[in-house]
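Structure file coords-v1.txt with compact mmCIF, C-alpha atoms:
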```
# COMPACT_ATOMS: atom_id res chain seq x y z
CA MET A 213 183.68 127.48 131.03
CA PRO A 214 180.73 125.55 132.41
CA LEU A 215 177.41 127.28 132.57
CA ASN A 216 175.68 127.99 135.76
CA PRO A 217 173.30 125.11 136.50
CA SER A 218 170.69 127.45 138.00
CA ARG A 219 170.57 129.53 134.81
CA SER A 220 170.25 126.46 132.59
CA ARG A 221 167.31 125.22 134.68
CA ALA A 222 165.60 128.58 134.41
CA LYS A 223 166.02 128.53 130.62
CA ASP A 224 164.58 125.05 130.45
CA ARG A 225 161.58 126.11 132.52
CA SER A 226 160.97 129.22 130.46
CA GLY A 227 161.34 127.22 127.22
CA SER A 228 159.02 124.50 128.35
CA SER A 229 156.44 127.05 129.51
CA SER A 230 156.62 128.82 126.16
CA VAL A 231 156.19 125.54 124.30
CA MET A 232 153.19 124.56 126.41
CA GLY A 233 151.67 127.90 125.54
CA TRP A 234 151.51 127.01 121.84
CA PRO A 235 148.00 126.38 120.40
CA GLU A 236 148.87 122.75 119.63
CA PHE A 237 149.53 122.05 123.34
CA LEU A 238 146.72 124.06 124.93
CA SER A 239 144.69 120.91 125.53
CA LEU A 240 147.49 119.61 127.74
CA ASN A 241 147.12 122.59 130.03
CA VAL A 242 143.45 121.72 130.79
CA PRO A 243 143.23 120.28 134.29
CA PRO A 244 142.03 116.68 134.51
CA ARG A 245 138.28 116.22 135.07
CA ASN A 246 136.35 113.63 136.93
CA ASN A 247 135.58 110.82 134.49
CA ARG A 248 132.12 110.04 135.88
CA ALA A 249 130.97 113.64 135.91
CA TRP A 250 132.33 114.17 132.40
CA ARG A 251 130.50 111.11 131.08
CA ARG A 252 127.24 112.18 132.69
CA SER A 253 127.52 115.67 131.26
CA GLY A 254 128.32 114.22 127.83
CA GLN A 255 125.31 111.90 127.94
CA SER A 256 123.00 114.71 129.03
CA ARG A 257 124.28 116.90 126.19
CA SER A 258 123.76 114.11 123.63
CA GLN A 259 120.22 113.53 124.89
CA GLN A 260 119.47 117.24 124.64
CA ASN A 261 120.81 117.29 121.07
CA GLN A 262 118.65 114.32 120.10
CA GLN A 263 115.56 115.90 121.62
CA SER A 264 116.24 119.16 119.83
CA GLU A 265 116.62 117.29 116.57
CA ASN A 266 113.36 115.38 117.11
CA LEU A 267 111.39 118.52 117.90
CA PRO A 268 109.45 119.84 114.86
CA ASP A 269 110.48 123.07 113.28
CA PRO A 270 108.00 125.78 114.35
CA GLY A 271 108.29 127.41 110.95
CA GLU A 272 107.21 124.27 109.10
CA SER A 273 103.53 124.31 108.09
CA MET A 274 101.05 121.47 108.38
CA LYS A 275 100.75 121.26 104.60
CA GLU A 276 104.46 120.50 104.20
CA ARG A 277 104.23 117.76 106.84
CA ARG A 278 101.31 116.14 105.05
CA GLU A 279 103.12 116.27 101.73
CA ALA A 280 106.19 114.75 103.36
CA THR A 281 104.11 111.89 104.71
CA ARG A 282 102.32 111.35 101.39
CA LEU A 283 105.38 111.25 99.19
CA PRO A 284 106.41 107.68 100.07
CA ASP A 285 102.89 106.39 99.36
CA GLU A 286 102.75 108.16 96.03
CA ASP A 287 106.18 106.84 95.12
CA CYS A 288 105.08 103.30 95.96
CA MET A 289 101.96 103.70 93.84
CA LEU A 290 103.99 104.92 90.90
CA LEU A 291 106.70 102.34 91.24
CA ASN A 292 104.39 99.40 91.95
CA PRO A 293 101.17 99.90 89.93
CA SER A 294 98.56 97.18 89.89
CA PHE A 295 97.89 95.03 86.85
CA ARG A 296 94.38 96.42 86.61
CA GLY A 297 95.67 99.99 86.52
CA ILE A 298 98.21 99.13 83.83
CA ALA A 299 95.54 97.42 81.71
CA ILE A 300 93.07 100.31 82.02
CA ASN A 301 95.69 102.95 81.23
CA SER A 302 96.90 100.95 78.23
CA LEU A 303 93.37 100.58 76.84
CA LEU A 304 92.68 104.28 77.32
CA ALA A 305 95.92 105.17 75.56
CA ILE A 306 95.05 102.89 72.62
CA ASP A 307 91.54 104.34 72.50
CA ILE A 308 92.81 107.92 72.37
CA CYS A 309 95.45 107.10 69.76
CA LEU A 310 93.03 105.29 67.44
CA SER A 311 90.34 107.94 67.87
CA LYS A 312 92.77 110.71 66.93
CA ARG A 313 93.89 108.79 63.86
CA LEU A 314 90.28 108.21 62.79
CA GLY A 315 89.49 111.92 63.06
CA VAL A 316 90.09 112.42 59.34
CA CYS A 317 87.20 114.89 58.88
CA VAL A 318 87.88 117.20 61.79
CA HIS A 319 88.89 120.14 59.60
CA THR A 320 88.64 120.94 55.93
CA THR A 321 92.42 120.60 55.75
CA SER A 322 92.35 117.04 57.13
CA SER A 323 93.09 113.99 54.99
CA TRP A 324 89.37 113.48 54.29
CA GLY A 325 88.48 117.16 54.50
CA SER A 326 86.56 117.06 51.22
CA MET A 327 84.15 114.52 52.77
CA ARG A 328 83.44 116.65 55.83
CA SER A 329 80.14 118.03 54.52
CA ALA A 330 78.81 114.57 53.62
CA VAL A 331 79.87 113.11 56.98
CA THR A 332 78.28 116.05 58.82
CA LEU A 333 75.02 115.48 56.92
CA LEU A 334 75.14 111.78 57.81
CA ALA A 335 75.62 112.63 61.48
CA LEU A 336 72.67 115.04 61.28
CA THR A 337 70.37 112.15 60.35
CA GLY A 338 71.04 110.66 63.79
CA HIS A 339 70.58 113.88 65.75
CA GLY A 340 68.00 113.96 68.52
CA ILE A 341 66.31 117.16 67.27
CA THR A 342 65.95 115.64 63.80
CA TRP A 343 64.25 112.49 65.06
CA ILE A 344 61.99 114.19 67.60
CA CYS A 345 60.75 116.74 65.06
CA GLY A 346 60.33 114.04 62.40
CA THR A 347 58.34 111.84 64.78
CA LEU A 348 56.03 114.71 65.69
CA VAL A 349 55.41 115.49 62.02
CA CYS A 350 54.62 111.84 61.26
CA LEU A 351 52.34 111.70 64.30
CA THR A 352 50.29 114.63 63.04
CA GLN A 353 49.93 112.95 59.64
CA SER A 354 49.07 109.48 60.96
CA ASN A 355 45.41 108.40 60.97
CA THR A 356 45.67 104.79 62.18
CA LEU A 357 45.66 103.70 65.78
CA ALA A 358 48.54 101.25 65.26
CA GLY A 359 50.71 103.89 63.63
CA GLN A 360 49.98 106.41 66.37
CA GLU A 361 50.79 103.80 69.01
CA VAL A 362 54.19 103.10 67.45
CA LEU A 363 54.97 106.79 66.99
CA ILE A 364 54.02 107.74 70.57
CA ASN A 365 56.23 105.02 72.01
CA LEU A 366 59.04 106.03 69.66
CA LEU A 367 58.72 109.65 70.80
CA ILE A 368 58.90 108.60 74.46
CA ALA A 369 61.95 106.44 73.69
CA LEU A 370 63.67 109.38 71.96
CA ILE A 371 63.03 111.71 74.89
CA LEU A 372 64.27 109.04 77.32
CA ASP A 373 67.42 108.58 75.24
CA VAL A 374 68.17 112.31 75.12
CA LEU A 375 67.71 112.80 78.87
CA THR A 376 69.65 109.67 79.87
CA VAL A 377 72.64 110.40 77.63
CA ALA A 378 72.72 114.04 78.76
CA GLY A 379 72.71 112.97 82.42
CA VAL A 380 75.54 110.48 81.95
CA GLN A 381 77.58 113.03 80.00
CA LYS A 382 77.17 115.59 82.78
CA LEU A 383 78.36 113.06 85.34
CA VAL A 384 81.38 111.77 83.39
CA ARG A 385 82.38 115.06 81.68
CA ARG A 386 84.77 113.39 79.27
CA LYS A 387 86.23 115.54 76.53
CA GLY A 388 86.53 114.42 72.94
CA PRO A 389 89.80 113.40 71.28
CA TRP A 390 89.95 116.77 69.52
CA ASP A 391 89.42 120.16 71.12
CA ILE A 392 86.20 121.03 69.26
CA SER A 393 83.39 123.08 70.75
CA PRO A 394 79.88 121.61 70.34
CA GLY A 395 77.56 123.14 67.77
CA PHE A 396 74.26 124.89 68.34
CA LEU A 397 72.13 121.79 67.73
CA ASP A 398 74.34 119.77 70.06
CA CYS A 399 73.81 122.29 72.84
CA VAL A 400 70.04 122.22 72.24
CA ALA A 401 70.05 118.41 72.44
CA LEU A 402 72.31 118.53 75.56
CA ASP A 403 75.05 116.66 73.68
CA THR A 404 78.03 118.65 74.91
CA TYR A 405 80.44 115.95 76.15
CA SER A 406 81.99 112.85 74.65
CA PHE A 407 80.91 109.87 76.78
CA PRO A 408 78.64 108.21 75.77
CA ALA A 409 78.03 109.02 72.10
CA ALA A 410 74.47 110.30 71.82
CA HIS A 411 74.24 109.72 68.05
CA ALA A 412 75.34 106.10 68.42
CA SER A 413 72.85 105.48 71.22
CA ARG A 414 70.01 107.03 69.24
CA ALA A 415 70.88 105.23 66.01
CA ALA A 416 71.04 101.86 67.77
CA MET A 417 67.73 102.43 69.57
CA VAL A 418 65.89 103.71 66.48
CA SER A 419 67.16 100.98 64.18
CA LYS A 420 66.23 98.25 66.66
CA PHE A 421 62.84 99.89 67.22
CA LEU A 422 62.01 100.09 63.51
CA LEU A 423 63.24 96.58 62.81
CA SER A 424 60.98 95.23 65.55
CA HIS A 425 57.76 97.18 64.78
CA LEU A 426 57.86 97.75 61.03
CA VAL A 427 57.61 95.20 58.26
CA LEU A 428 60.62 95.90 56.03
CA ALA A 429 62.19 94.06 53.16
CA ALA A 430 65.59 92.43 53.61
CA PRO A 431 67.53 95.15 51.69
CA LEU A 432 65.92 97.86 53.81
CA ARG A 433 66.78 96.01 57.01
CA VAL A 434 70.43 95.77 55.93
CA LEU A 435 70.49 99.46 55.01
CA LEU A 436 68.97 100.37 58.37
CA VAL A 437 71.67 98.48 60.28
CA LEU A 438 74.37 99.98 58.03
CA TRP A 439 72.93 103.46 58.63
CA ALA A 440 73.14 103.00 62.41
CA VAL A 441 76.79 101.93 62.23
CA LEU A 442 77.75 104.79 59.91
CA VAL A 443 75.99 107.38 62.08
CA GLY A 444 77.94 106.26 65.12
CA LEU A 445 81.19 106.20 63.15
CA SER A 446 80.56 109.63 61.62
CA ARG A 447 80.98 111.34 64.97
CA VAL A 448 84.34 109.62 65.42
CA LEU A 449 85.43 110.81 61.98
CA LEU A 450 84.42 114.35 62.92
CA GLY A 451 86.55 114.15 66.08
CA GLN A 452 83.61 114.47 68.50
CA HIS A 453 83.82 111.05 70.19
CA HIS A 454 86.23 108.24 71.01
CA LEU A 455 85.76 104.67 69.86
CA THR A 456 84.78 103.60 73.37
CA ASP A 457 82.19 106.39 73.44
CA MET A 458 80.65 104.99 70.27
CA ALA A 459 80.65 101.41 71.61
CA CYS A 460 79.06 102.44 74.91
CA GLY A 461 76.54 104.53 72.98
CA PHE A 462 75.43 101.47 70.99
CA ALA A 463 75.09 99.46 74.20
CA LEU A 464 73.06 102.23 75.85
CA GLY A 465 70.77 102.43 72.80
CA PHE A 466 69.95 98.72 73.02
CA LEU A 467 69.29 99.16 76.73
CA HIS A 468 66.83 101.97 76.01
CA PHE A 469 65.03 99.78 73.48
CA SER A 470 64.71 96.94 76.00
CA LEU A 471 63.41 99.34 78.63
CA MET A 472 60.87 100.80 76.23
CA GLU A 473 59.62 97.35 75.30
CA THR A 474 59.07 96.65 78.99
CA VAL A 475 57.00 99.81 79.59
CA TRP A 476 55.25 99.79 76.21
CA LEU A 477 52.15 101.99 76.18
CA SER A 478 48.95 100.51 74.86
CA SER A 479 46.80 102.06 72.14
CA GLY A 480 44.33 103.46 74.68
CA ALA A 481 47.08 105.17 76.70
CA CYS A 482 48.54 106.62 73.50
CA GLN A 483 45.14 108.02 72.46
CA THR A 484 44.82 109.62 75.88
CA LEU A 485 48.20 111.30 75.48
CA ILE A 486 47.30 112.51 72.00
CA SER A 487 44.02 113.99 73.23
CA ILE A 488 45.84 115.74 76.09
CA GLY A 489 48.45 117.10 73.70
CA THR A 490 45.89 118.36 71.19
CA PHE A 491 43.39 119.52 73.86
CA SER A 492 40.65 117.39 72.25
CA TRP A 493 39.09 116.17 75.48
CA GLY A 494 35.78 115.23 73.89
CA SER A 495 37.39 112.50 71.75
CA VAL A 496 38.65 110.56 74.75
CA ARG A 497 36.62 107.37 75.24
```
Could the structure of this file be written out as structure tokens, please?
Amino acid sequence: MPLNPSRSRAKDRSGSSSVMGWPEFLSLNVPPRNNRAWRRSGQSRSQQNQQSENLPDPGESMKERREATRLPDEDCMLLNPSFRGIAINSLLAIDICLSKRLGVCVHTTSSWGSMRSAVTLLALTGHGITWICGTLVCLTQSNTLAGQEVLINLLIALILDVLTVAGVQKLVRRKGPWDISPGFLDCVALDTYSFPAAHASRAAMVSKFLLSHLVLAAPLRVLLVLWAVLVGLSRVLLGQHHLTDMACGFALGFLHFSLMETVWLSSGACQTLISIGTFSWGSVR
């Protein structure tokens, strides 16, 4: 028996309406929009999103922004170092490595620990306090004008060396290859840092001074030069200085000698200083 066409149409409408109500077909039920208005609204929304993305986060601090801007520069510096920086860092690394290996008398348990006392005594012969006190004693025992002239200029050169080295050490503040605190005499002589080596500077200046103003035999001249080299090396063996500190100390000692030769005090000026120091005003001519 044929179905009623009106009922079949109603079923089709109800079925189609139920199908269009499914979640998959909800977008088909949205009424059509004006294309131009929709495009304009979409562009305005995209521009708003871009502006919101470009706006800085209010919770972000200025320090984080600066670090974010510095990171690329630091990365470039690390990834593309200059040849000069590579050379300097390589030389410093070699200097530290060799200086640590040469520190064989740092402790009594080191490889040359049995020689520590002898090396310490050798380093003491180049100490500033030792030479200043020794020069003052010799000055009190000297009776000749030439000897007093040499000793006064040597005393001034020693004081100049101590003050100059102490000033440079305070500016550079370089630590030694080994973590060793300076001794009491080093603190008195203001020799608390590594660069430059005060003992090497003093040994170079004194040896050059004595070789220039004293008449010595050839063996004594060789021993004097050997003493200066060993005094500078002794501080490296004790772990107080690097090799570059010793080399710069030698160079600074020769510079002090040249400066002292330029401002050399005459015999009359030396006698005036001696009379002022001993309060013997009546002996001044």
Looking at only C-alpha atoms, which of A:Ser479, A:Ser323, A:Ser487, A:Ser294 is the one that sits closest to A:Val362? A:Ser479
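If all atoms listed in the file are the atoms counted, then among A:Asp457, A:Ala358, A:Leu464, A:Leu450 the closest residue to A:Arg385 is A:Asp457.
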Measuring between all atoms listed in the file, which one of A:His411, A:Ile486, A:Arg386, A:Ser424 shows the shortest distance to A:Asn355?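 Between A:His411, A:Ile486, A:Arg386, A:Ser424, the residue approaching A:Asn355 most closely is A:Ile486.
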At what distance in Å, to one decimal, does atom CA of A:Gln353 lie from atom CA of A:Leu485?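 Distance reported for this atom pair: 16.0 Å.
The shell of residues at most 12 Å from A:Thr376, with all atoms listed in the file counted and near chain neighbours (fewer than 3 positions) removed, consists of Ala369, Leu370, Ile371, Leu372, Asp373, Gly379, Val380, Gln381, Lys382, Leu383, Ala401, Leu402, Asp403, Phe407, Pro408, Ala409, Ala410, Ser413, Arg414, Gly461, Leu464, Gly465, Leu467 and His468 of chain A.
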Given the choices A:Leu449, A:Ile368, A:Cys309, A:Leu397, which gets closest to A:Arg328 if the distance is worked out from only C-alpha atoms?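 Going through A:Leu449, A:Ile368, A:Cys309, A:Leu397 one by one, the smallest distance to A:Arg328 is for A:Leu449.
What separates atom CA of A:Pro431 from atom CA of A:Gln360 is a distance of 25.5 Å.
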Excluding A:Ser406 and its own-chain neighbours fewer than 6 positions away, which residues fall within 12 Å of it when counting only C-alpha atoms? Please give them as a PyMOL selection string. chain A and resi 311+377-378+380-394+398+412+447-448+451-461
Write out as a PyMOL selection string the residues lying within 12 Å of A:Leu333, counting all atoms listed in the file and excluding same-chain residues fewer than 3 positions away. chain A and resi 327-330+336-339+342+442-443+446-447+450
Which residue out of A:Met472, A:Leu314, A:Val441, A:Val400 has the minimum interatomic distance to A:Phe421 when only C-alpha atoms are used?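 Of the candidates, the smallest distance to A:Phe421 is held by A:Met472.
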Return the single residue from A:Ile300, A:Leu432, A:Leu334, A:Leu363 that is closest to A:Gly346, with distances computed using all atoms listed in the file. A:Leu363
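Atom CA of A:Leu428 lies 26.4 Å from atom CA of A:Ala481.
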